[in-house]
Structures are given as C-alpha cells and as structure tokens.
2 protein chains.
Amino acid sequence: MSQTPLSAQTDKIWQVVAKATKPLSAYEILDRLRQKGVRSPPTVYRALKILEARGFIHRIESLNAFVACSVGCAQHAKTKASHQEDHTSAFAICRSCGRVEELRAPALDEALSKAAKGFLQTTEKQSVEIVGLCMKCATQEKGRKKCSR
Amino acid sequence: MSQTPLSAQTDKIWQVVAKATKPLSAYEILDRLRQKGVRSPPTVYRALKILEARGFIHRIESLNAFVACSVGCAQHAKTKASHQEDHTSAFAICRSCGRVEELRAPALDEALSKAAKGFLQTTEKQSVEIVGLCMKCATQEKGRKKCSR
DNA sequence: AACAATATGTTATAACATATCACTTTGTGT
DNA sequence: ACACAAAGTGATATGTTATAACATATTGTT
C-alpha cells in the first residue's frame, strides 16, 4: 500500500469529490476547480486515476462519474497518505436524487466470482451497480401522486 | 411483452450485434452498416434502445458496448418478434480477447437486492460486470512468459 | 551539477451520445 | 378513399466523456 502523500493537485481534486453529495463527472469536477487553476481534462483524469488506484474514490460505470470511497476515509483527513486499497464494493444509486450508497457485501463478491469461474481464470476488476428509487425519494413521489400527478 | 416484429432497420442492427463475437460499440455497428445505408449515430442508438428494451441485447457499461442476449434467442431467428424481456444478468469479460459470457446467477441477484435494501425502496436496473483473463487467454499468456516476455 | 522519475500544463482529437427538426410510412377511424 | 395520429427514418449539429502527444517543471538521488 502506497504511503506517499497525495500531490497538491491530486488533493484538490480529492477534496471536491469528497465534499460532493453525489457522484461527479470529470467535467463537473473541472468546472468546480477552474478558479483554482485547473484548466484541462487530462489534469482531472490523471488525478482521478491516481485516486482510484489508491482507493480514495470509485468510478460508477453506469454514470460515468466518480464518488469518494466511504469506507475508512476518516484517516485521510489527517495523513493524506494511506488508505484502504483494492477492496470491491457494490453501489446502490437513486435515479431521482442521484445519491449513491456504497455497499460492502462479501456474499455478493463470492457469488459473482463463483458465477464467473467457468469462463474467467483470474479476475481483476468488478463493477456492481443497482439503480432504483431511494426511500426518501419514493416517499416524496408517492406524495406527488396524491396531488393528481 | 411486445410481440410486434422488429422494423427492417432495427433488425439490421440486431443482425450485426448477433453475429459479433464480442461486444460492439455503437460506432462499430455504424461502420459495419454504412454500405447498407445506415449513416448516422442516432439511427443506431435508436435501434439499440429498442433492442435493449425488448431484451435482444444488453449494454455493457464498463465497455460502452452492446452484446446480443444469449438466453432464449433461438426463437428470434424465426419470429423476429418475441423475446424474453427484463431478465437480469451478470457479465464476465476477458480483458485480453474481449469476449463476454452472460451469467445468470439468481444467488447473485438476491444478494444484491438484499444488500441494497436499506437504501433503495424499489430497484429498476442493475449492472454486474467482472473483468479478468479468460481460460484461453490465460493459457496463452503463460506461454508467452516462457519466451522471456 | 547531472540525471531519472514523477507530476503538470496545453492543444488537439478521439470516442460516445443525444437534441432537434424535417419528412415518410403505417395504422386507425370515418 | 380520406384525414389524422403514431411510429419510424434521415440528417445535421452539438453535447459529453476520455485520451494521445508533446512540452515543461518539479523532485529526489547520486
């Protein structure tokens, strides 16, 4: 596990992703950093790649967007160095409000590896995403229906 | 389940995806159909949307590409009408040769729904993808290593 | 200082996806 | 047969996401 601190640049990008309440696209991140001197897509994508490799963020494939890892991130604020790498997670996504919940489900990982066993000899990466309406939005939508919509 | 036959246009696009041995991007499909009068991206995307809604194809999120559904497709050749809709699958992807295997794994679906239960009230879509080296490519790669590469 | 390794900046372009509008075909009711 | 609605098609332009390629700067090591 790499212990090198993040560069100033990469840290800027991490701060933006970490503050967001929903996954951000690379260009949304770029827009929020223009005033701080970040001007071009490659700068953002480079940082995102580093952050993902070190486990600070996850890419949500079905959204083309990035979200801060929600497991064991407390320590980052202090050290800006270490982080839990290489774990796999599933993501539950609300199609209405856009919020995402990171799910650790070993049973799921196991079921997936097992299912792939006949075809893949080794596995390197996985992406598990499920989209629906979150509790909160489901309640609101029900409310709206009552008002004849 | 819709029983309307596919339009000639949509069927052309389906033929291309069905013949392929790996997932195709929309633009790869377009390139293979230019001589048959398909000239613009929207034409392809429209057909892909219809095909996906009716269960003839699946979108692979991590590849931005589309693959023919491999379950219960035999009948299509005859009727060009009915197809099993709305099932969920997982996909095992070989990063070397690009081939994809569609996995039906109820245990996995169940584990995923269960994991999402605290956050999502209703679920509508899911995407489960796992990338690695397939048996065949793993064997070849091992061979290459012996030759000092 | 000299060098390698890493990080950064910039331009251009590739790759993926959709909005919009005009026109045609098809199905339905009269 | 006619009028109308609905679905399908064609084409252009544009929006969005991602990377190639190259130049420059910074950092760490000897």
# chains A, B, ... in the order shown; residues from 1 in each chain; ligands from 1
$ interface_residues --of "chain B" --to "chain C" --cutoff "9 Å" --atoms "only C-alpha atoms (C1' of nucleotides)" --output "list in words"
Ser25, Ala26, Tyr27, Pro41, Pro42, Tyr45 and Asn64 of chain B
$ calpha_fit_and_write --fixed "chain B" --moving "chain A" --output "compact mmCIF listing (two decimals) with N, CA and C atoms, in the first residue's frame"
# COMPACT_ATOMS: atom_id res chain seq x y z
N MET A 1 -45.34 -8.54 -22.78
CA MET A 1 -44.21 -8.69 -23.71
C MET A 1 -44.64 -8.33 -25.12
N SER A 2 -43.92 -7.41 -25.70
CA SER A 2 -44.29 -6.96 -27.03
C SER A 2 -44.06 -8.05 -28.08
N GLN A 3 -45.02 -8.20 -28.98
CA GLN A 3 -44.91 -9.22 -30.01
C GLN A 3 -44.75 -8.64 -31.41
N THR A 4 -44.75 -7.35 -31.48
CA THR A 4 -44.54 -6.71 -32.78
C THR A 4 -43.18 -7.11 -33.35
N PRO A 5 -43.15 -7.42 -34.64
CA PRO A 5 -41.83 -7.75 -35.23
C PRO A 5 -40.95 -6.51 -35.23
N LEU A 6 -39.66 -6.75 -35.30
CA LEU A 6 -38.73 -5.63 -35.40
C LEU A 6 -38.86 -4.98 -36.77
N SER A 7 -38.63 -3.69 -36.82
CA SER A 7 -38.61 -3.02 -38.12
C SER A 7 -37.37 -3.48 -38.88
N ALA A 8 -37.39 -3.26 -40.18
CA ALA A 8 -36.26 -3.70 -41.01
C ALA A 8 -34.96 -3.07 -40.52
N GLN A 9 -35.05 -1.81 -40.23
CA GLN A 9 -33.89 -1.05 -39.75
C GLN A 9 -33.32 -1.65 -38.46
N THR A 10 -34.21 -1.81 -37.50
CA THR A 10 -33.79 -2.34 -36.20
C THR A 10 -33.24 -3.74 -36.36
N ASP A 11 -33.83 -4.50 -37.24
CA ASP A 11 -33.36 -5.86 -37.46
C ASP A 11 -31.94 -5.87 -38.03
N LYS A 12 -31.65 -4.94 -38.93
CA LYS A 12 -30.29 -4.84 -39.47
C LYS A 12 -29.29 -4.71 -38.34
N ILE A 13 -29.60 -3.80 -37.44
CA ILE A 13 -28.68 -3.55 -36.33
C ILE A 13 -28.58 -4.78 -35.44
N TRP A 14 -29.70 -5.45 -35.26
CA TRP A 14 -29.65 -6.66 -34.44
C TRP A 14 -28.77 -7.72 -35.09
N GLN A 15 -28.88 -7.87 -36.37
CA GLN A 15 -28.09 -8.87 -37.08
C GLN A 15 -26.59 -8.65 -36.83
N VAL A 16 -26.19 -7.40 -36.89
CA VAL A 16 -24.77 -7.08 -36.70
C VAL A 16 -24.31 -7.47 -35.30
N VAL A 17 -25.10 -7.07 -34.31
CA VAL A 17 -24.72 -7.37 -32.93
C VAL A 17 -24.70 -8.89 -32.71
N ALA A 18 -25.69 -9.56 -33.28
CA ALA A 18 -25.82 -11.00 -33.06
C ALA A 18 -24.68 -11.78 -33.71
N LYS A 19 -24.17 -11.27 -34.82
CA LYS A 19 -23.09 -11.98 -35.52
C LYS A 19 -21.74 -11.79 -34.84
N ALA A 20 -21.60 -10.70 -34.10
CA ALA A 20 -20.30 -10.37 -33.51
C ALA A 20 -19.89 -11.37 -32.44
N THR A 21 -18.60 -11.53 -32.28
CA THR A 21 -18.12 -12.45 -31.24
C THR A 21 -17.74 -11.70 -29.97
N LYS A 22 -17.90 -10.39 -30.01
CA LYS A 22 -17.63 -9.61 -28.81
C LYS A 22 -18.53 -8.37 -28.82
N PRO A 23 -18.63 -7.67 -27.71
CA PRO A 23 -19.49 -6.49 -27.67
C PRO A 23 -19.02 -5.44 -28.65
N LEU A 24 -19.97 -4.77 -29.29
CA LEU A 24 -19.65 -3.72 -30.25
C LEU A 24 -20.12 -2.37 -29.73
N SER A 25 -19.33 -1.35 -29.98
CA SER A 25 -19.78 0.00 -29.67
C SER A 25 -20.76 0.45 -30.75
N ALA A 26 -21.54 1.48 -30.44
CA ALA A 26 -22.51 1.98 -31.40
C ALA A 26 -21.83 2.38 -32.71
N TYR A 27 -20.64 2.93 -32.59
CA TYR A 27 -19.94 3.41 -33.79
C TYR A 27 -19.33 2.26 -34.59
N GLU A 28 -18.98 1.19 -33.92
CA GLU A 28 -18.54 0.00 -34.65
C GLU A 28 -19.70 -0.58 -35.46
N ILE A 29 -20.86 -0.57 -34.85
CA ILE A 29 -22.04 -1.05 -35.56
C ILE A 29 -22.30 -0.14 -36.77
N LEU A 30 -22.23 1.14 -36.53
CA LEU A 30 -22.44 2.11 -37.60
C LEU A 30 -21.49 1.84 -38.77
N ASP A 31 -20.22 1.63 -38.46
CA ASP A 31 -19.23 1.40 -39.52
C ASP A 31 -19.57 0.16 -40.35
N ARG A 32 -20.10 -0.84 -39.69
CA ARG A 32 -20.40 -2.07 -40.41
C ARG A 32 -21.67 -1.97 -41.23
N LEU A 33 -22.39 -0.87 -41.09
CA LEU A 33 -23.67 -0.75 -41.80
C LEU A 33 -23.71 0.43 -42.77
N ARG A 34 -22.61 1.12 -42.91
CA ARG A 34 -22.60 2.29 -43.79
C ARG A 34 -23.00 1.90 -45.22
N GLN A 35 -22.50 0.77 -45.66
CA GLN A 35 -22.80 0.35 -47.02
C GLN A 35 -24.24 -0.08 -47.19
N LYS A 36 -24.87 -0.37 -46.07
CA LYS A 36 -26.28 -0.76 -46.14
C LYS A 36 -27.19 0.41 -45.82
N GLY A 37 -26.64 1.61 -45.91
CA GLY A 37 -27.49 2.78 -45.83
C GLY A 37 -27.68 3.38 -44.45
N VAL A 38 -26.98 2.88 -43.47
CA VAL A 38 -27.08 3.48 -42.14
C VAL A 38 -25.98 4.52 -42.01
N ARG A 39 -26.36 5.76 -41.78
CA ARG A 39 -25.38 6.82 -41.89
C ARG A 39 -25.15 7.64 -40.62
N SER A 40 -26.06 7.55 -39.68
CA SER A 40 -25.93 8.49 -38.56
C SER A 40 -26.10 7.79 -37.21
N PRO A 41 -25.38 8.29 -36.21
CA PRO A 41 -25.46 7.71 -34.87
C PRO A 41 -26.87 7.57 -34.32
N PRO A 42 -27.73 8.57 -34.42
CA PRO A 42 -29.06 8.41 -33.83
C PRO A 42 -29.80 7.18 -34.34
N THR A 43 -29.63 6.87 -35.60
CA THR A 43 -30.27 5.67 -36.15
C THR A 43 -29.86 4.43 -35.36
N VAL A 44 -28.57 4.35 -35.09
CA VAL A 44 -28.05 3.19 -34.36
C VAL A 44 -28.53 3.21 -32.91
N TYR A 45 -28.43 4.36 -32.27
CA TYR A 45 -28.82 4.43 -30.86
C TYR A 45 -30.30 4.17 -30.68
N ARG A 46 -31.11 4.62 -31.62
CA ARG A 46 -32.55 4.34 -31.52
C ARG A 46 -32.81 2.85 -31.57
N ALA A 47 -32.17 2.19 -32.51
CA ALA A 47 -32.37 0.75 -32.63
C ALA A 47 -31.86 0.03 -31.38
N LEU A 48 -30.72 0.46 -30.89
CA LEU A 48 -30.16 -0.19 -29.70
C LEU A 48 -31.10 -0.06 -28.50
N LYS A 49 -31.72 1.09 -28.41
CA LYS A 49 -32.64 1.31 -27.30
C LYS A 49 -33.83 0.36 -27.38
N ILE A 50 -34.37 0.23 -28.58
CA ILE A 50 -35.49 -0.69 -28.78
C ILE A 50 -35.06 -2.13 -28.47
N LEU A 51 -33.91 -2.50 -29.00
CA LEU A 51 -33.44 -3.87 -28.81
C LEU A 51 -33.20 -4.17 -27.33
N GLU A 52 -32.68 -3.18 -26.62
CA GLU A 52 -32.42 -3.41 -25.21
C GLU A 52 -33.72 -3.52 -24.43
N ALA A 53 -34.66 -2.65 -24.77
CA ALA A 53 -35.95 -2.67 -24.07
C ALA A 53 -36.66 -4.00 -24.28
N ARG A 54 -36.44 -4.61 -25.43
CA ARG A 54 -37.12 -5.87 -25.72
C ARG A 54 -36.29 -7.09 -25.39
N GLY A 55 -35.13 -6.86 -24.83
CA GLY A 55 -34.35 -7.99 -24.32
C GLY A 55 -33.48 -8.70 -25.35
N PHE A 56 -33.31 -8.11 -26.51
CA PHE A 56 -32.48 -8.76 -27.52
C PHE A 56 -30.98 -8.52 -27.27
N ILE A 57 -30.69 -7.41 -26.67
CA ILE A 57 -29.29 -7.10 -26.39
C ILE A 57 -29.13 -6.58 -24.97
N HIS A 58 -27.87 -6.56 -24.54
CA HIS A 58 -27.55 -5.95 -23.26
C HIS A 58 -26.46 -4.92 -23.47
N ARG A 59 -26.49 -3.89 -22.67
CA ARG A 59 -25.43 -2.90 -22.69
C ARG A 59 -24.40 -3.26 -21.64
N ILE A 60 -23.13 -3.25 -22.03
CA ILE A 60 -22.06 -3.48 -21.07
C ILE A 60 -21.51 -2.11 -20.67
N GLU A 61 -21.83 -1.70 -19.46
CA GLU A 61 -21.53 -0.32 -19.03
C GLU A 61 -20.03 -0.03 -19.03
N SER A 62 -19.25 -0.99 -18.60
CA SER A 62 -17.82 -0.71 -18.44
C SER A 62 -17.10 -0.68 -19.79
N LEU A 63 -17.80 -1.06 -20.85
CA LEU A 63 -17.20 -1.04 -22.18
C LEU A 63 -17.88 -0.05 -23.12
N ASN A 64 -18.98 0.52 -22.68
CA ASN A 64 -19.80 1.32 -23.58
C ASN A 64 -20.06 0.54 -24.86
N ALA A 65 -20.52 -0.66 -24.70
CA ALA A 65 -20.73 -1.51 -25.87
C ALA A 65 -21.93 -2.43 -25.65
N PHE A 66 -22.32 -3.08 -26.73
CA PHE A 66 -23.56 -3.85 -26.70
C PHE A 66 -23.32 -5.28 -27.17
N VAL A 67 -24.02 -6.20 -26.52
CA VAL A 67 -23.82 -7.60 -26.83
C VAL A 67 -25.18 -8.27 -26.97
N ALA A 68 -25.27 -9.25 -27.87
CA ALA A 68 -26.54 -9.96 -28.02
C ALA A 68 -26.85 -10.77 -26.78
N CYS A 69 -28.09 -10.79 -26.42
CA CYS A 69 -28.50 -11.62 -25.30
C CYS A 69 -28.31 -13.08 -25.69
N SER A 70 -27.80 -13.85 -24.77
CA SER A 70 -27.48 -15.23 -25.13
C SER A 70 -28.49 -16.21 -24.56
N VAL A 71 -29.54 -15.72 -23.95
CA VAL A 71 -30.53 -16.65 -23.42
C VAL A 71 -31.80 -16.60 -24.26
N GLY A 72 -32.19 -17.77 -24.69
CA GLY A 72 -33.47 -17.90 -25.39
C GLY A 72 -33.58 -17.13 -26.67
N CYS A 73 -32.48 -17.06 -27.43
CA CYS A 73 -32.51 -16.26 -28.64
C CYS A 73 -32.83 -17.07 -29.88
N ALA A 74 -32.85 -18.36 -29.74
CA ALA A 74 -33.05 -19.23 -30.90
C ALA A 74 -34.32 -18.85 -31.65
N GLN A 75 -35.36 -18.59 -30.90
CA GLN A 75 -36.65 -18.33 -31.52
C GLN A 75 -36.67 -17.07 -32.37
N HIS A 76 -35.80 -16.13 -32.03
CA HIS A 76 -35.82 -14.88 -32.78
C HIS A 76 -35.62 -15.10 -34.26
N ALA A 77 -34.69 -15.97 -34.61
CA ALA A 77 -34.37 -16.23 -36.00
C ALA A 77 -35.64 -16.55 -36.79
N LYS A 78 -36.56 -17.20 -36.13
CA LYS A 78 -37.81 -17.55 -36.81
C LYS A 78 -38.81 -16.40 -36.79
N THR A 79 -39.10 -15.93 -35.60
CA THR A 79 -40.23 -15.01 -35.48
C THR A 79 -39.86 -13.53 -35.59
N LYS A 80 -38.65 -13.20 -35.25
CA LYS A 80 -38.25 -11.79 -35.17
C LYS A 80 -39.24 -10.97 -34.36
N ALA A 81 -39.83 -11.62 -33.42
CA ALA A 81 -40.83 -10.90 -32.65
C ALA A 81 -40.62 -11.04 -31.15
N SER A 82 -40.87 -12.19 -30.64
CA SER A 82 -40.88 -12.33 -29.20
C SER A 82 -39.48 -12.58 -28.64
N HIS A 83 -39.33 -12.24 -27.42
CA HIS A 83 -38.06 -12.49 -26.75
C HIS A 83 -38.24 -12.33 -25.25
N GLN A 84 -37.40 -13.01 -24.53
CA GLN A 84 -37.49 -12.89 -23.08
C GLN A 84 -37.01 -11.51 -22.64
N GLU A 85 -37.92 -10.78 -22.04
CA GLU A 85 -37.55 -9.44 -21.63
C GLU A 85 -37.17 -9.39 -20.17
N ASP A 86 -36.46 -8.32 -19.84
CA ASP A 86 -36.44 -7.88 -18.47
C ASP A 86 -35.76 -8.83 -17.50
N HIS A 87 -34.96 -9.72 -18.00
CA HIS A 87 -34.21 -10.53 -17.06
C HIS A 87 -32.92 -9.79 -16.74
N THR A 88 -32.31 -10.16 -15.65
CA THR A 88 -31.04 -9.53 -15.30
C THR A 88 -29.94 -10.56 -15.43
N SER A 89 -28.79 -10.08 -15.85
CA SER A 89 -27.66 -10.97 -16.02
C SER A 89 -26.41 -10.29 -15.49
N ALA A 90 -25.42 -11.10 -15.24
CA ALA A 90 -24.09 -10.56 -14.97
C ALA A 90 -23.23 -10.88 -16.18
N PHE A 91 -22.13 -10.16 -16.33
CA PHE A 91 -21.27 -10.38 -17.48
C PHE A 91 -19.83 -10.55 -17.06
N ALA A 92 -19.24 -11.62 -17.55
CA ALA A 92 -17.81 -11.84 -17.34
C ALA A 92 -17.11 -11.44 -18.62
N ILE A 93 -16.09 -10.60 -18.48
CA ILE A 93 -15.44 -10.00 -19.64
C ILE A 93 -13.95 -10.33 -19.64
N CYS A 94 -13.45 -10.81 -20.76
CA CYS A 94 -12.01 -11.04 -20.84
C CYS A 94 -11.32 -9.78 -21.35
N ARG A 95 -10.40 -9.28 -20.57
CA ARG A 95 -9.74 -8.01 -20.93
C ARG A 95 -8.77 -8.19 -22.09
N SER A 96 -8.46 -9.44 -22.41
CA SER A 96 -7.50 -9.67 -23.48
C SER A 96 -8.19 -9.89 -24.83
N CYS A 97 -9.10 -10.83 -24.90
CA CYS A 97 -9.72 -11.12 -26.19
C CYS A 97 -11.05 -10.39 -26.37
N GLY A 98 -11.58 -9.84 -25.29
CA GLY A 98 -12.79 -9.05 -25.40
C GLY A 98 -14.08 -9.84 -25.39
N ARG A 99 -13.97 -11.16 -25.36
CA ARG A 99 -15.20 -11.94 -25.34
C ARG A 99 -15.92 -11.76 -24.01
N VAL A 100 -17.22 -11.99 -24.07
CA VAL A 100 -18.06 -11.79 -22.89
C VAL A 100 -18.94 -13.00 -22.69
N GLU A 101 -19.12 -13.39 -21.45
CA GLU A 101 -20.03 -14.49 -21.16
C GLU A 101 -21.16 -13.95 -20.29
N GLU A 102 -22.37 -14.29 -20.70
CA GLU A 102 -23.53 -13.85 -19.92
C GLU A 102 -23.82 -14.87 -18.84
N LEU A 103 -23.92 -14.39 -17.62
CA LEU A 103 -24.11 -15.29 -16.49
C LEU A 103 -25.47 -15.06 -15.86
N ARG A 104 -26.25 -16.10 -15.72
CA ARG A 104 -27.49 -15.99 -14.95
C ARG A 104 -27.20 -16.52 -13.56
N ALA A 105 -27.33 -15.67 -12.59
CA ALA A 105 -27.01 -16.11 -11.23
C ALA A 105 -28.00 -15.53 -10.24
N PRO A 106 -29.08 -16.25 -10.04
CA PRO A 106 -30.12 -15.78 -9.12
C PRO A 106 -29.58 -15.47 -7.73
N ALA A 107 -28.61 -16.27 -7.29
CA ALA A 107 -28.03 -16.05 -5.97
C ALA A 107 -27.42 -14.65 -5.90
N LEU A 108 -26.84 -14.27 -7.00
CA LEU A 108 -26.18 -12.97 -7.08
C LEU A 108 -27.21 -11.84 -7.04
N ASP A 109 -28.25 -11.99 -7.85
CA ASP A 109 -29.30 -10.97 -7.86
C ASP A 109 -29.89 -10.79 -6.47
N GLU A 110 -30.08 -11.91 -5.84
CA GLU A 110 -30.67 -11.87 -4.50
C GLU A 110 -29.76 -11.15 -3.52
N ALA A 111 -28.47 -11.51 -3.57
CA ALA A 111 -27.50 -10.87 -2.66
C ALA A 111 -27.46 -9.37 -2.89
N LEU A 112 -27.58 -8.98 -4.14
CA LEU A 112 -27.50 -7.56 -4.48
C LEU A 112 -28.74 -6.81 -3.98
N SER A 113 -29.90 -7.34 -4.28
CA SER A 113 -31.14 -6.70 -3.81
C SER A 113 -31.11 -6.56 -2.30
N LYS A 114 -30.66 -7.59 -1.67
CA LYS A 114 -30.61 -7.59 -0.21
C LYS A 114 -29.67 -6.52 0.31
N ALA A 115 -28.52 -6.41 -0.34
CA ALA A 115 -27.53 -5.43 0.11
C ALA A 115 -28.04 -4.01 -0.07
N ALA A 116 -28.87 -3.82 -1.09
CA ALA A 116 -29.35 -2.47 -1.39
C ALA A 116 -30.58 -2.10 -0.58
N LYS A 117 -31.11 -3.06 0.14
CA LYS A 117 -32.41 -2.89 0.79
C LYS A 117 -32.51 -1.69 1.71
N GLY A 118 -31.45 -1.36 2.41
CA GLY A 118 -31.50 -0.25 3.35
C GLY A 118 -31.62 1.10 2.67
N PHE A 119 -31.16 1.17 1.44
CA PHE A 119 -31.08 2.47 0.75
C PHE A 119 -32.17 2.63 -0.30
N LEU A 120 -32.35 1.62 -1.10
CA LEU A 120 -33.33 1.70 -2.18
C LEU A 120 -34.65 1.08 -1.77
N GLN A 121 -35.72 1.78 -2.10
CA GLN A 121 -37.03 1.18 -1.84
C GLN A 121 -37.42 0.26 -2.99
N THR A 122 -37.21 0.74 -4.19
CA THR A 122 -37.51 -0.09 -5.36
C THR A 122 -36.29 -0.10 -6.26
N THR A 123 -36.09 -1.20 -6.95
CA THR A 123 -34.94 -1.28 -7.86
C THR A 123 -35.44 -1.49 -9.27
N GLU A 124 -34.72 -0.90 -10.22
CA GLU A 124 -35.23 -0.88 -11.59
C GLU A 124 -34.26 -1.43 -12.61
N LYS A 125 -33.00 -1.38 -12.27
CA LYS A 125 -31.98 -1.72 -13.26
C LYS A 125 -30.75 -2.14 -12.51
N GLN A 126 -30.00 -3.07 -13.05
CA GLN A 126 -28.73 -3.36 -12.42
C GLN A 126 -27.69 -3.70 -13.46
N SER A 127 -26.46 -3.54 -13.07
CA SER A 127 -25.35 -3.80 -13.96
C SER A 127 -24.27 -4.50 -13.14
N VAL A 128 -23.96 -5.71 -13.54
CA VAL A 128 -22.97 -6.50 -12.81
C VAL A 128 -21.94 -7.01 -13.80
N GLU A 129 -20.72 -6.55 -13.64
CA GLU A 129 -19.69 -6.89 -14.61
C GLU A 129 -18.40 -7.26 -13.90
N ILE A 130 -17.74 -8.28 -14.41
CA ILE A 130 -16.48 -8.69 -13.80
C ILE A 130 -15.46 -8.93 -14.92
N VAL A 131 -14.30 -8.34 -14.74
CA VAL A 131 -13.28 -8.36 -15.78
C VAL A 131 -12.09 -9.20 -15.33
N GLY A 132 -11.55 -9.96 -16.24
CA GLY A 132 -10.36 -10.74 -15.93
C GLY A 132 -9.78 -11.35 -17.18
N LEU A 133 -9.03 -12.41 -17.01
CA LEU A 133 -8.45 -13.13 -18.14
C LEU A 133 -9.21 -14.43 -18.29
N CYS A 134 -9.69 -14.69 -19.50
CA CYS A 134 -10.43 -15.94 -19.69
C CYS A 134 -9.44 -17.11 -19.73
N MET A 135 -9.95 -18.29 -19.58
CA MET A 135 -9.14 -19.51 -19.57
C MET A 135 -8.18 -19.55 -20.74
N LYS A 136 -8.74 -19.31 -21.90
CA LYS A 136 -7.98 -19.42 -23.13
C LYS A 136 -6.81 -18.43 -23.15
N CYS A 137 -7.11 -17.18 -22.86
CA CYS A 137 -6.07 -16.15 -22.89
C CYS A 137 -5.04 -16.36 -21.79
N ALA A 138 -5.50 -16.85 -20.65
CA ALA A 138 -4.57 -17.09 -19.55
C ALA A 138 -3.53 -18.13 -19.97
N THR A 139 -3.97 -19.15 -20.66
CA THR A 139 -3.06 -20.19 -21.14
C THR A 139 -2.03 -19.62 -22.11
N GLN A 140 -2.53 -18.83 -23.06
CA GLN A 140 -1.63 -18.22 -24.04
C GLN A 140 -0.62 -17.30 -23.38
N GLU A 141 -1.09 -16.52 -22.42
CA GLU A 141 -0.18 -15.58 -21.76
C GLU A 141 0.93 -16.32 -21.02
N LYS A 142 0.56 -17.43 -20.42
CA LYS A 142 1.55 -18.23 -19.72
C LYS A 142 2.61 -18.70 -20.73
N GLY A 143 2.13 -19.15 -21.89
CA GLY A 143 3.05 -19.57 -22.93
C GLY A 143 4.05 -18.49 -23.28
N ARG A 144 3.55 -17.26 -23.42
CA ARG A 144 4.43 -16.17 -23.80
C ARG A 144 5.49 -15.89 -22.74
N LYS A 145 5.11 -16.03 -21.50
CA LYS A 145 6.06 -15.78 -20.42
C LYS A 145 7.26 -16.70 -20.51
N LYS A 146 7.01 -17.94 -20.92
CA LYS A 146 8.10 -18.91 -21.04
C LYS A 146 9.16 -18.44 -22.03
N CYS A 147 8.73 -17.72 -23.05
CA CYS A 147 9.65 -17.21 -24.04
C CYS A 147 10.26 -15.88 -23.59
N SER A 148 10.50 -15.76 -22.33
CA SER A 148 11.17 -14.57 -21.76
C SER A 148 10.50 -13.25 -22.10
N ARG A 149 9.24 -13.26 -22.08
CA ARG A 149 8.54 -11.97 -22.21
C ARG A 149 7.55 -11.83 -21.08
$ interface_residues --of "chain D" --to "chain B" --cutoff "9 Å" --atoms "only C-alpha atoms (C1' of nucleotides)" --output "NGL selection string"
:D and (8-11)
